[in-house]
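**Q** This is the content of input-v4.cif (mmCIF, C-alpha atoms):
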```
data_structure
#
loop_
_atom_site.label_atom_id
_atom_site.label_comp_id
_atom_site.auth_asym_id
_atom_site.auth_seq_id
_atom_site.Cartn_x
_atom_site.Cartn_y
_atom_site.Cartn_z
CA MET A 1 -20.37 29.75 58.72
CA GLN A 2 -20.56 31.32 55.28
CA THR A 3 -19.30 29.37 52.29
CA ILE A 4 -17.76 30.51 49.02
CA ASP A 5 -21.13 29.82 47.40
CA ASP A 6 -22.93 32.00 49.94
CA ARG A 7 -20.67 34.90 49.00
CA LEU A 8 -21.40 34.39 45.32
CA GLN A 9 -25.13 34.37 46.00
CA ILE A 10 -24.84 37.70 47.80
CA TYR A 11 -23.28 39.21 44.69
CA LYS A 12 -25.62 37.39 42.26
CA GLY A 13 -23.01 34.98 40.97
CA ILE A 14 -20.29 37.55 40.29
CA GLY A 15 -17.16 37.43 42.40
CA PRO A 16 -16.61 41.11 43.26
CA GLY A 17 -12.87 40.72 43.85
CA PHE A 18 -11.89 39.06 40.59
CA ASP A 19 -11.45 42.35 38.73
CA PHE A 20 -8.98 43.39 41.43
CA LEU A 21 -7.15 40.08 41.12
CA ARG A 22 -6.89 40.32 37.33
CA ILE A 23 -5.28 43.74 37.41
CA GLY A 24 -3.35 43.18 40.62
CA LEU A 25 -1.73 39.97 39.41
CA ALA A 26 -1.01 41.40 35.96
CA VAL A 27 0.69 44.51 37.33
CA SER A 28 2.63 42.39 39.84
CA ILE A 29 3.87 40.23 37.00
CA VAL A 30 5.09 43.32 35.13
CA ALA A 31 6.89 44.55 38.25
CA PHE A 32 8.55 41.21 38.90
CA HIS A 33 9.45 40.84 35.26
CA CYS A 34 11.23 44.20 35.34
CA ILE A 35 13.60 42.67 37.88
CA LEU A 36 14.31 39.61 35.74
CA GLN A 37 14.64 41.49 32.46
CA LEU A 38 17.52 43.48 33.96
CA GLY A 39 19.32 40.33 35.05
CA HIS A 40 18.66 40.40 38.78
CA PHE A 41 18.37 36.64 39.05
CA GLY A 42 19.56 36.73 42.64
CA VAL A 43 15.91 37.09 43.69
CA ASP A 44 15.95 33.30 44.04
CA ARG A 45 17.95 33.90 47.20
CA THR A 46 15.45 36.43 48.58
CA PRO A 47 11.78 36.21 49.61
CA LEU A 48 10.93 37.48 46.11
CA TRP A 49 11.31 33.90 44.86
CA PHE A 50 7.76 33.45 46.09
CA ALA A 51 6.48 35.91 43.48
CA GLU A 52 7.60 33.54 40.75
CA TYR A 53 6.09 30.61 42.61
CA ALA A 54 2.72 32.26 43.27
CA LEU A 55 1.71 34.78 40.60
CA VAL A 56 1.15 32.57 37.57
CA PRO A 57 -0.43 29.67 39.49
CA MET A 58 -2.85 32.14 41.06
CA PHE A 59 -3.92 33.21 37.59
CA PHE A 60 -4.48 29.60 36.58
CA ALA A 61 -6.42 28.93 39.78
CA LEU A 62 -8.56 32.00 39.13
CA SER A 63 -9.25 30.86 35.59
CA GLY A 64 -10.03 27.30 36.65
CA PHE A 65 -12.56 28.60 39.17
CA LEU A 66 -14.24 30.96 36.72
CA VAL A 67 -14.15 28.82 33.59
CA THR A 68 -16.07 26.06 35.36
CA GLY A 69 -19.19 28.19 35.43
CA SER A 70 -18.90 28.61 31.67
CA ALA A 71 -18.23 24.90 31.11
CA MET A 72 -21.27 23.87 33.18
CA ARG A 73 -23.73 25.82 31.06
CA LEU A 74 -22.26 25.48 27.55
CA SER A 75 -22.00 22.62 25.11
CA LEU A 76 -18.49 21.49 24.25
CA LYS A 77 -18.72 23.19 20.86
CA ASN A 78 -19.79 26.53 22.29
CA PHE A 79 -17.28 26.28 25.12
CA LEU A 80 -14.41 25.84 22.66
CA ILE A 81 -15.71 28.60 20.37
CA ASN A 82 -16.05 30.85 23.39
CA ARG A 83 -12.50 30.21 24.58
CA GLY A 84 -11.05 30.38 21.08
CA LEU A 85 -12.61 33.75 20.34
CA ARG A 86 -11.37 35.09 23.66
CA ILE A 87 -7.79 33.92 23.26
CA LEU A 88 -6.75 33.68 19.64
CA PRO A 89 -7.66 37.03 18.02
CA ALA A 90 -5.82 39.15 20.59
CA LEU A 91 -2.91 36.70 20.59
CA ALA A 92 -2.73 36.86 16.79
CA VAL A 93 -2.66 40.67 16.85
CA ASP A 94 0.10 40.61 19.45
CA VAL A 95 2.17 38.25 17.29
CA VAL A 96 1.65 40.46 14.23
CA VAL A 97 2.58 43.62 16.16
CA CYS A 98 5.79 42.01 17.41
CA ALA A 99 6.75 40.56 14.04
CA LEU A 100 5.73 43.44 11.76
CA VAL A 101 6.14 46.53 13.94
CA ILE A 102 8.47 46.00 16.90
CA GLY A 103 10.75 43.56 15.07
CA PRO A 104 11.51 45.75 12.03
CA LEU A 105 12.03 48.81 14.24
CA MET A 106 14.37 47.07 16.69
CA THR A 107 16.31 44.62 14.51
CA THR A 108 20.00 45.18 13.94
CA LEU A 109 19.80 43.42 10.57
CA PRO A 110 18.92 44.87 7.17
CA LEU A 111 15.16 44.65 6.66
CA ALA A 112 15.53 42.32 3.68
CA GLN A 113 17.49 39.90 5.86
CA TYR A 114 15.01 40.32 8.71
CA PHE A 115 11.95 39.49 6.60
CA SER A 116 13.65 36.54 4.94
CA GLY A 117 14.94 34.97 8.15
CA ALA A 118 13.60 31.62 9.33
CA ASP A 119 12.90 33.00 12.81
CA PHE A 120 10.59 35.62 11.28
CA PHE A 121 8.32 32.99 9.75
CA LYS A 122 8.52 30.68 12.77
CA TYR A 123 7.36 33.48 15.05
CA PHE A 124 3.84 33.33 13.57
CA LEU A 125 3.53 29.77 14.91
CA ASN A 126 2.98 31.33 18.34
CA VAL A 127 -0.68 31.70 17.40
CA THR A 128 -0.97 27.90 17.38
CA GLY A 129 0.66 27.44 20.78
CA TYR A 130 3.95 26.27 19.24
CA ILE A 131 6.07 28.90 20.94
CA HIS A 132 9.04 30.63 19.34
CA TYR A 133 10.74 33.49 21.14
CA ALA A 134 13.27 34.89 18.66
CA LEU A 135 13.02 37.33 15.78
CA PRO A 136 16.03 37.94 13.48
CA GLY A 137 18.42 40.43 15.05
CA VAL A 138 15.95 41.57 17.71
CA PHE A 139 17.13 42.03 21.32
CA LYS A 140 20.12 39.77 20.72
CA ASP A 141 22.32 41.90 22.95
CA HIS A 142 19.85 41.85 25.85
CA ILE A 143 20.18 39.72 28.94
CA ASN A 144 16.99 38.02 27.82
CA TYR A 145 16.77 37.71 24.02
CA ARG A 146 13.13 36.62 24.02
CA VAL A 147 10.82 39.00 22.19
CA ASN A 148 7.83 37.85 24.22
CA GLY A 149 8.85 35.26 26.78
CA ALA A 150 5.48 35.55 28.54
CA LEU A 151 3.99 33.26 25.90
CA TRP A 152 5.51 30.24 27.64
CA THR A 153 2.17 29.68 29.39
CA VAL A 154 0.09 29.50 26.18
CA PRO A 155 0.61 25.75 25.56
CA TYR A 156 -0.36 24.97 29.15
CA GLU A 157 -3.43 27.15 28.85
CA MET A 158 -4.49 25.24 25.77
CA PHE A 159 -3.85 21.97 27.57
CA CYS A 160 -6.03 23.19 30.44
CA TYR A 161 -8.89 23.70 28.01
CA CYS A 162 -8.28 20.20 26.67
CA LEU A 163 -8.66 18.92 30.23
CA MET A 164 -11.86 20.91 30.63
CA SER A 165 -13.14 19.48 27.34
CA LEU A 166 -12.60 15.98 28.71
CA LEU A 167 -14.50 16.95 31.85
CA ILE A 168 -17.39 18.23 29.74
CA ILE A 169 -17.47 15.13 27.54
CA SER A 170 -17.34 12.79 30.54
CA ARG A 171 -19.81 14.99 32.47
CA TRP A 172 -17.31 15.06 35.30
CA VAL A 173 -17.38 18.86 35.17
CA ARG A 174 -20.01 18.63 37.94
CA ARG A 175 -18.30 15.78 39.80
CA PRO A 176 -15.45 16.65 42.18
CA MET A 177 -14.13 13.10 42.23
CA GLY A 178 -13.57 13.31 38.48
CA VAL A 179 -11.29 16.32 38.97
CA VAL A 180 -9.51 14.55 41.82
CA ALA A 181 -8.93 11.65 39.43
CA PHE A 182 -7.41 14.03 36.87
CA ILE A 183 -5.05 15.44 39.49
CA ALA A 184 -4.06 11.92 40.53
CA VAL A 185 -3.32 11.02 36.90
CA LEU A 186 -1.12 14.11 36.54
CA MET A 187 0.83 13.16 39.66
CA ALA A 188 1.21 9.56 38.52
CA ALA A 189 2.34 10.70 35.09
CA LYS A 190 4.91 13.00 36.69
CA VAL A 191 6.36 10.14 38.71
CA ALA A 192 6.38 7.87 35.65
CA VAL A 193 8.17 10.44 33.49
CA ILE A 194 10.77 11.09 36.19
CA HIS A 195 11.60 7.41 36.71
CA LEU A 196 10.82 5.84 33.33
CA GLY A 197 11.20 8.66 30.84
CA HIS A 198 14.76 7.67 30.00
CA LEU A 199 13.41 4.45 28.50
CA LEU A 200 11.50 6.39 25.83
CA PRO A 201 12.87 7.97 22.65
CA ASN A 202 14.32 11.41 23.30
CA ASN A 203 11.51 13.27 21.53
CA ALA A 204 8.81 11.43 23.46
CA ASP A 205 10.62 11.92 26.75
CA ALA A 206 11.01 15.65 26.08
CA ALA A 207 7.35 16.06 25.14
CA LEU A 208 6.08 14.18 28.19
CA SER A 209 8.48 16.01 30.49
CA PHE A 210 7.23 19.33 29.10
CA ILE A 211 3.68 18.44 30.13
CA PHE A 212 4.13 16.35 33.25
CA ASP A 213 7.51 17.27 34.75
CA SER A 214 8.13 20.98 34.33
CA LYS A 215 7.18 24.16 36.11
CA GLY A 216 4.14 24.25 33.82
CA THR A 217 2.79 21.09 35.43
CA ARG A 218 1.92 23.03 38.58
CA LEU A 219 -0.15 25.38 36.42
CA LEU A 220 -2.26 22.43 35.31
CA VAL A 221 -2.65 21.36 38.93
CA THR A 222 -3.75 24.81 40.10
CA PHE A 223 -6.22 25.03 37.22
CA LEU A 224 -7.76 21.73 38.30
CA LEU A 225 -7.77 22.82 41.95
CA GLY A 226 -9.61 25.97 40.89
CA ILE A 227 -12.23 23.78 39.20
CA LEU A 228 -12.48 21.69 42.36
CA VAL A 229 -13.08 24.74 44.54
CA PHE A 230 -15.90 25.88 42.25
CA GLN A 231 -17.47 22.43 42.35
CA MET A 232 -17.21 22.35 46.16
CA LYS A 233 -18.00 26.01 46.73
CA HIS A 234 -21.11 25.17 48.75
CA ARG A 235 -18.93 23.29 51.25
CA ILE A 236 -15.73 25.33 51.35
CA PRO A 237 -15.92 27.96 54.11
CA TYR A 238 -15.47 31.64 53.53
CA SER A 239 -13.29 32.17 56.57
CA TRP A 240 -11.07 35.11 57.42
CA PRO A 241 -9.09 33.03 59.96
CA LEU A 242 -8.50 30.33 57.32
CA PHE A 243 -7.47 32.98 54.80
CA ALA A 244 -5.09 34.55 57.33
CA GLY A 245 -3.65 31.12 58.14
CA CYS A 246 -2.97 30.41 54.47
CA CYS A 247 -1.28 33.80 54.09
CA LEU A 248 0.82 33.18 57.19
CA VAL A 249 2.05 29.81 55.96
CA CYS A 250 2.95 31.32 52.58
CA ALA A 251 4.77 34.19 54.29
CA VAL A 252 6.75 31.77 56.45
CA ALA A 253 7.67 29.78 53.34
CA ALA A 254 8.71 32.94 51.47
CA PHE A 255 10.87 34.37 54.26
CA GLY A 256 11.99 31.08 55.75
CA HIS A 257 13.42 29.44 52.64
CA ASP A 258 16.04 30.23 50.06
CA ARG A 259 14.76 29.10 46.67
CA THR A 260 18.11 27.45 45.99
CA HIS A 261 17.87 25.41 49.21
CA LEU A 262 14.23 24.40 49.33
CA THR A 263 13.11 21.04 50.55
CA SER A 264 12.21 18.54 47.85
CA LEU A 265 8.54 18.88 48.78
CA ILE A 266 8.39 22.60 48.09
CA SER A 267 10.73 22.50 45.11
CA ASP A 268 8.30 20.08 43.46
CA ASP A 269 5.98 23.08 43.41
CA TYR A 270 2.88 21.46 44.87
CA SER A 271 2.93 21.84 48.64
CA LEU A 272 1.69 25.43 48.79
CA LEU A 273 -0.59 25.34 45.75
CA PRO A 274 -3.81 24.47 47.64
CA LEU A 275 -3.19 27.44 49.93
CA LEU A 276 -2.70 29.76 46.95
CA VAL A 277 -5.89 28.47 45.37
CA TYR A 278 -7.87 29.20 48.52
CA ILE A 279 -6.33 32.67 48.82
CA THR A 280 -7.23 33.38 45.20
CA CYS A 281 -10.83 32.22 45.46
CA PHE A 282 -11.32 33.93 48.83
CA LEU A 283 -10.16 37.26 47.42
CA GLY A 284 -12.27 36.70 44.32
CA VAL A 285 -15.50 36.62 46.33
CA THR A 286 -14.45 39.49 48.60
CA PRO A 287 -15.38 43.07 47.63
CA ILE A 288 -12.15 44.97 47.05
CA PRO A 289 -12.27 48.61 45.92
CA VAL A 290 -10.68 49.30 42.55
CA PRO A 291 -10.83 52.30 40.21
CA LYS A 292 -14.04 52.38 38.20
CA PHE A 293 -12.29 51.97 34.86
CA VAL A 294 -11.08 48.52 35.94
CA HIS A 295 -14.67 47.27 35.75
CA SER A 296 -15.07 48.55 32.19
CA GLY A 297 -13.06 45.76 30.60
CA ASP A 298 -10.57 42.96 31.13
CA TYR A 299 -7.29 44.76 30.52
CA SER A 300 -5.20 42.04 32.16
CA TYR A 301 -4.92 40.02 28.95
CA GLY A 302 -3.48 42.97 27.06
CA ILE A 303 -1.05 43.67 29.90
CA TYR A 304 0.02 40.05 29.73
CA LEU A 305 0.45 39.99 25.98
CA TYR A 306 2.35 43.23 25.54
CA HIS A 307 4.35 43.88 28.70
CA ASP A 308 7.32 41.73 27.73
CA PRO A 309 8.09 43.13 24.24
CA PHE A 310 7.53 46.74 25.33
CA LEU A 311 9.80 46.35 28.34
CA GLN A 312 12.42 45.03 25.93
CA VAL A 313 11.94 48.09 23.72
CA ILE A 314 12.40 50.43 26.69
CA ILE A 315 15.58 48.59 27.69
CA SER A 316 16.90 49.16 24.15
CA LEU A 317 15.99 52.86 24.19
CA PHE A 318 17.16 53.75 27.70
CA PRO A 319 19.91 51.31 28.69
CA ALA A 320 21.91 53.88 30.66
CA LEU A 321 18.89 54.62 32.85
CA VAL A 322 17.44 51.16 33.43
CA PHE A 323 20.79 49.54 34.20
CA ARG A 324 21.73 52.08 36.84
CA PRO A 325 22.00 50.56 40.32
CA ILE A 326 19.06 51.00 42.67
CA ILE A 327 16.92 53.12 40.35
CA GLY A 328 17.06 50.88 37.27
CA VAL A 329 14.20 48.52 38.12
CA PRO A 330 11.80 51.25 39.32
CA ALA A 331 12.66 53.31 36.25
CA LEU A 332 11.87 50.42 33.92
CA PHE A 333 8.55 49.84 35.67
CA LEU A 334 7.59 53.52 35.71
CA LEU A 335 8.43 53.90 32.02
CA GLY A 336 6.97 50.59 30.94
CA MET A 337 3.74 50.29 32.89
CA PRO A 338 2.00 53.37 31.40
CA VAL A 339 2.94 52.30 27.88
CA VAL A 340 1.71 48.76 28.49
CA ALA A 341 -1.52 50.09 30.04
CA VAL A 342 -2.25 52.23 26.98
CA VAL A 343 -1.54 49.36 24.60
CA ALA A 344 -3.67 47.00 26.71
CA THR A 345 -6.53 49.51 26.63
CA CYS A 346 -6.29 49.71 22.84
CA SER A 347 -6.21 45.92 22.65
CA TRP A 348 -9.42 45.72 24.68
CA HIS A 349 -11.37 48.40 22.83
CA PHE A 350 -10.22 47.61 19.29
CA VAL A 351 -9.69 43.84 19.36
CA GLU A 352 -11.05 42.05 22.43
CA LYS A 353 -14.24 44.04 22.97
CA PRO A 354 -15.44 43.69 19.35
CA ILE A 355 -14.79 39.95 19.55
CA LEU A 356 -16.96 39.82 22.67
CA GLY A 357 -19.79 40.96 20.42
CA LEU A 358 -19.42 37.77 18.40
CA ARG A 359 -19.78 35.74 21.61
CA LYS A 360 -22.93 37.43 22.90
CA ARG A 361 -25.17 34.55 21.88
CA PHE A 362 -23.58 32.13 24.35
CA SER A 363 -21.07 34.12 26.42
CA PHE A 364 -22.17 35.21 29.87
CA VAL A 365 -19.39 37.74 30.25
CA ALA A 366 -20.12 39.34 26.87
CA ARG A 367 -23.76 39.83 27.81
CA MET A 368 -22.92 40.92 31.35
CA ARG A 369 -20.36 43.47 30.24
CA GLY A 370 -22.77 44.70 27.55
CA VAL A 371 -20.51 45.25 24.59
CA ALA A 372 -22.60 48.18 23.42
CA SER A 373 -23.15 49.85 26.78
CA GLN A 374 -20.14 48.42 28.61
CA THR A 375 -22.18 47.44 31.67
CA ASP A 376 -20.25 47.20 34.92
CA VAL A 377 -19.66 43.47 35.30
CA SER A 378 -19.31 43.70 39.05
CA VAL A 379 -22.86 44.91 39.64
CA ALA A 380 -24.85 43.69 36.63
CA PRO A 381 -27.87 41.46 37.44
CA PRO A 382 -27.85 37.73 36.70
CA LEU A 383 -29.17 36.43 33.41
CA VAL A 384 -31.82 34.16 34.92
CA THR A 385 -34.14 34.47 31.96
CA ALA A 386 -31.38 33.96 29.44
CA PHE A 387 -30.38 30.55 30.76
CA ASN A 388 -33.50 29.55 32.71
CA GLN A 389 -31.33 29.03 35.78
CA PRO A 390 -29.37 31.14 38.28
CA ALA A 391 -26.48 32.89 36.64
CA HIS A 392 -23.05 31.35 36.93
CA LEU A 393 -19.79 33.20 37.08
CA ALA A 394 -18.55 35.37 34.31
CA ASP A 395 -16.09 33.88 31.85
CA PRO A 396 -12.51 33.78 33.05
CA PRO A 397 -9.65 36.01 32.11
CA ILE A 398 -6.79 34.68 30.11
CA MET A 399 -4.06 33.10 32.14
CA PRO A 400 -0.98 35.19 31.77
CA GLY A 401 2.47 34.09 32.70
CA VAL A 402 5.78 35.52 33.69
CA SER A 403 8.40 35.30 30.99
CA GLY A 404 12.01 34.55 31.65
CA LEU A 405 11.36 32.68 34.88
CA GLN A 406 12.97 29.42 33.96
#
```
Using the file provided, produce a representation of the structure as structure tokens.

**A**
Amino acid sequence: MQTIDDRLQIYKGIGPGFDFLRIGLAVSIVAFHCILQLGHFGVDRTPLWFAEYALVPMFFALSGFLVTGSAMRLSLKNFLINRGLRILPALAVDVVVCALVIGPLMTTLPLAQYFSGADFFKYFLNVTGYIHYALPGVFKDHINYRVNGALWTVPYEMFCYCLMSLLIISRWVRRPMGVVAFIAVLMAAKVAVIHLGHLLPNNADAALSFIFDSKGTRLLVTFLLGILVFQMKHRIPYSWPLFAGCCLVCAVAAFGHDRTHLTSLISDDYSLLPLLVYITCFLGVTPIPVPKFVHSGDYSYGIYLYHDPFLQVIISLFPALVFRPIIGVPALFLLGMPVVAVVATCSWHFVEKPILGLRKRFSFVARMRGVASQTDVSVAPPLVTAFNQPAHLADPPIMPGVSGLQ
């Protein structure tokens, strides 16, 4: 039977389905977010609850799988530089665009009051992972006041890279049992916070609960499971029946449960995560046709960064249309998605792609994509001579989230 590793070898270390997953998950997040932005929170009582459960963890699983290849071949210093250059510049531009362009245009306050407000200055802390959602007078009359609620995943993403740094330092990045130990520690910490957190000072309890006992905790778990699958890829089967079985179980869970009446096992957000991780990795090593332009860059990060504020802008500009029954959600998606796609394309070509040039010395994906020639990453040959070993996977995409899901 073929394994995940066998599939990667066929495609010279590049998972041919990951480009599809990046775009597919990002667009799905936009679509689902259109529902939530318009206040249709009743999806918790429909099978659509599973979209919230699955989409963001699948992104974290995808990133855990792909980032492991980068971590195995880079020093800790270069790994952190690599990740920092991929994440922070585009994030910083997004924060500036929201604070200095969208905010002033959409605020209901005088500009002098807007630029002097405390929320205006706090908003720039988003670049550090200390998330603030509000800008003075912006979207205050919306169902969701957050300017860019999607940034809720940024602290967890940074924590994931801290976990990977520990794996690199300990050299457990090549040892599956080390990752299993990390998962066990997360589970133990969750139990400890639930039962003993009240004994700690309020600030400490809140901080520990944020990491170990929140919906973000499952993102950390799926990231680690993605690492584990990469480490065990030579043993994990590439099996269509197993893939179909995982999909069937997830479908039964989605249609057989009301999110408001889930069992404690599923509501703890862990029972289906291994299945989602397998589905993600299986699709990643499966050739899935996508438009050619999808291979020309990683537009999913830009879609993630900008979809939330631009959907909010469209709600402000066309409230009578987007709040109409039946057609409101499709209208918001059809108006918002093209705008977000254009902005994401600009983000790639004017911010993210130039930064890739700075990473070419040690970044596999920068060299594979060929910043100058924009080589098709899905078919480019491995860099055997560059690293004196078989090429690993390309660097991972950023791990976007779905805002307003809490």

**Q** Quick one: residues within 10 Å of Gly216 in chain A, all atoms listed in the file counted, chain neighbours fewer than 2 positions away excluded, as a PyMOL selection string?

**A** chain A and resi 56-57+152-153+155-157+209-214+218-221+269

**Q** Residues within 8 Å of Leu135 in chain A, please, as a list in words. Count all atoms listed in the file; anything in the same chain fewer than 4 positions from it doesn't count.

**A**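 The residues that qualify are Ala99, Gly103, Tyr114, Asp119, Phe120, Tyr123 and Val147 of chain A.
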
**Q** Applying the PyMOL selection byres ((chain A and resi 146) around 12) to the file I just gave you, which residues come out? Please list them as a PDB file with C-alpha atoms, keeping the file's coordinate frame.

**A**
```
ATOM      1  CA  GLN A  37      14.640  41.490  32.460  1.00  0.00           C
ATOM      2  CA  CYS A  98       5.790  42.010  17.410  1.00  0.00           C
ATOM      3  CA  GLY A 103      10.750  43.560  15.070  1.00  0.00           C
ATOM      4  CA  ASP A 119      12.900  33.000  12.810  1.00  0.00           C
ATOM      5  CA  TYR A 123       7.360  33.480  15.050  1.00  0.00           C
ATOM      6  CA  ILE A 131       6.070  28.900  20.940  1.00  0.00           C
ATOM      7  CA  HIS A 132       9.040  30.630  19.340  1.00  0.00           C
ATOM      8  CA  TYR A 133      10.740  33.490  21.140  1.00  0.00           C
ATOM      9  CA  ALA A 134      13.270  34.890  18.660  1.00  0.00           C
ATOM     10  CA  LEU A 135      13.020  37.330  15.780  1.00  0.00           C
ATOM     11  CA  PRO A 136      16.030  37.940  13.480  1.00  0.00           C
ATOM     12  CA  GLY A 137      18.420  40.430  15.050  1.00  0.00           C
ATOM     13  CA  VAL A 138      15.950  41.570  17.710  1.00  0.00           C
ATOM     14  CA  PHE A 139      17.130  42.030  21.320  1.00  0.00           C
ATOM     15  CA  LYS A 140      20.120  39.770  20.720  1.00  0.00           C
ATOM     16  CA  ASP A 141      22.320  41.900  22.950  1.00  0.00           C
ATOM     17  CA  HIS A 142      19.850  41.850  25.850  1.00  0.00           C
ATOM     18  CA  ILE A 143      20.180  39.720  28.940  1.00  0.00           C
ATOM     19  CA  ASN A 144      16.990  38.020  27.820  1.00  0.00           C
ATOM     20  CA  TYR A 145      16.770  37.710  24.020  1.00  0.00           C
ATOM     21  CA  VAL A 147      10.820  39.000  22.190  1.00  0.00           C
ATOM     22  CA  ASN A 148       7.830  37.850  24.220  1.00  0.00           C
ATOM     23  CA  GLY A 149       8.850  35.260  26.780  1.00  0.00           C
ATOM     24  CA  ALA A 150       5.480  35.550  28.540  1.00  0.00           C
ATOM     25  CA  LEU A 151       3.990  33.260  25.900  1.00  0.00           C
ATOM     26  CA  TRP A 152       5.510  30.240  27.640  1.00  0.00           C
ATOM     27  CA  ASP A 308       7.320  41.730  27.730  1.00  0.00           C
ATOM     28  CA  PRO A 309       8.090  43.130  24.240  1.00  0.00           C
ATOM     29  CA  PHE A 310       7.530  46.740  25.330  1.00  0.00           C
ATOM     30  CA  LEU A 311       9.800  46.350  28.340  1.00  0.00           C
ATOM     31  CA  GLN A 312      12.420  45.030  25.930  1.00  0.00           C
ATOM     32  CA  VAL A 313      11.940  48.090  23.720  1.00  0.00           C
ATOM     33  CA  SER A 403       8.400  35.300  30.990  1.00  0.00           C
ATOM     34  CA  GLY A 404      12.010  34.550  31.650  1.00  0.00           C
ATOM     35  CA  LEU A 405      11.360  32.680  34.880  1.00  0.00           C
TER      36      LEU A 405
END
```

**Q** Check the smallest atom-to-atom distance from each of A:Lys77, A:Ile183, A:Ile10, A:Leu48 to Ser28 in chain A using all atoms listed in the file, then report the winner.

**A**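 Counting all atoms listed in the file, the residue closest to Ser28 in chain A is A:Leu48.
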
**Q** Since I can't run it myself right now, could you work out what the PyMOL selection byres ((chain A and resi 179) around 12) selects here and report it as a PyMOL selection string?

**A** chain A and resi 64+68+163-164+166-168+170-178+180-186+220-232

**Q** Put range 180-209 of chain A into a file with C-alpha atoms, as a compact mmCIF listing (two decimals), in the first residue's frame.

**A**
```txt
# COMPACT_ATOMS: atom_id res chain seq x y z
CA VAL A 180 3.26 13.03 21.31
CA ALA A 181 4.76 14.29 24.57
CA PHE A 182 3.91 17.88 23.61
CA ILE A 183 0.31 16.90 22.88
CA ALA A 184 0.11 15.09 26.21
CA VAL A 185 1.41 18.17 28.02
CA LEU A 186 -1.23 20.33 26.31
CA MET A 187 -3.97 17.94 27.39
CA ALA A 188 -2.66 17.79 30.94
CA ALA A 189 -2.41 21.57 31.08
CA LYS A 190 -5.99 21.87 29.84
CA VAL A 191 -7.24 19.58 32.61
CA ALA A 192 -5.16 21.45 35.20
CA VAL A 193 -6.48 24.85 34.12
CA ILE A 194 -10.08 23.62 34.15
CA HIS A 195 -9.87 22.14 37.65
CA LEU A 196 -7.20 24.27 39.35
CA GLY A 197 -7.27 27.56 37.50
CA HIS A 198 -9.56 29.16 40.06
CA LEU A 199 -6.76 28.87 42.61
CA LEU A 200 -4.55 31.22 40.59
CA PRO A 201 -4.74 35.02 40.39
CA ASN A 202 -7.31 36.17 37.85
CA ASN A 203 -4.74 37.41 35.34
CA ALA A 204 -2.78 34.16 35.44
CA ASP A 205 -5.94 32.08 35.16
CA ALA A 206 -7.11 34.12 32.16
CA ALA A 207 -3.75 33.83 30.40
CA LEU A 208 -3.49 30.09 30.94
CA SER A 209 -7.11 29.55 29.91
```
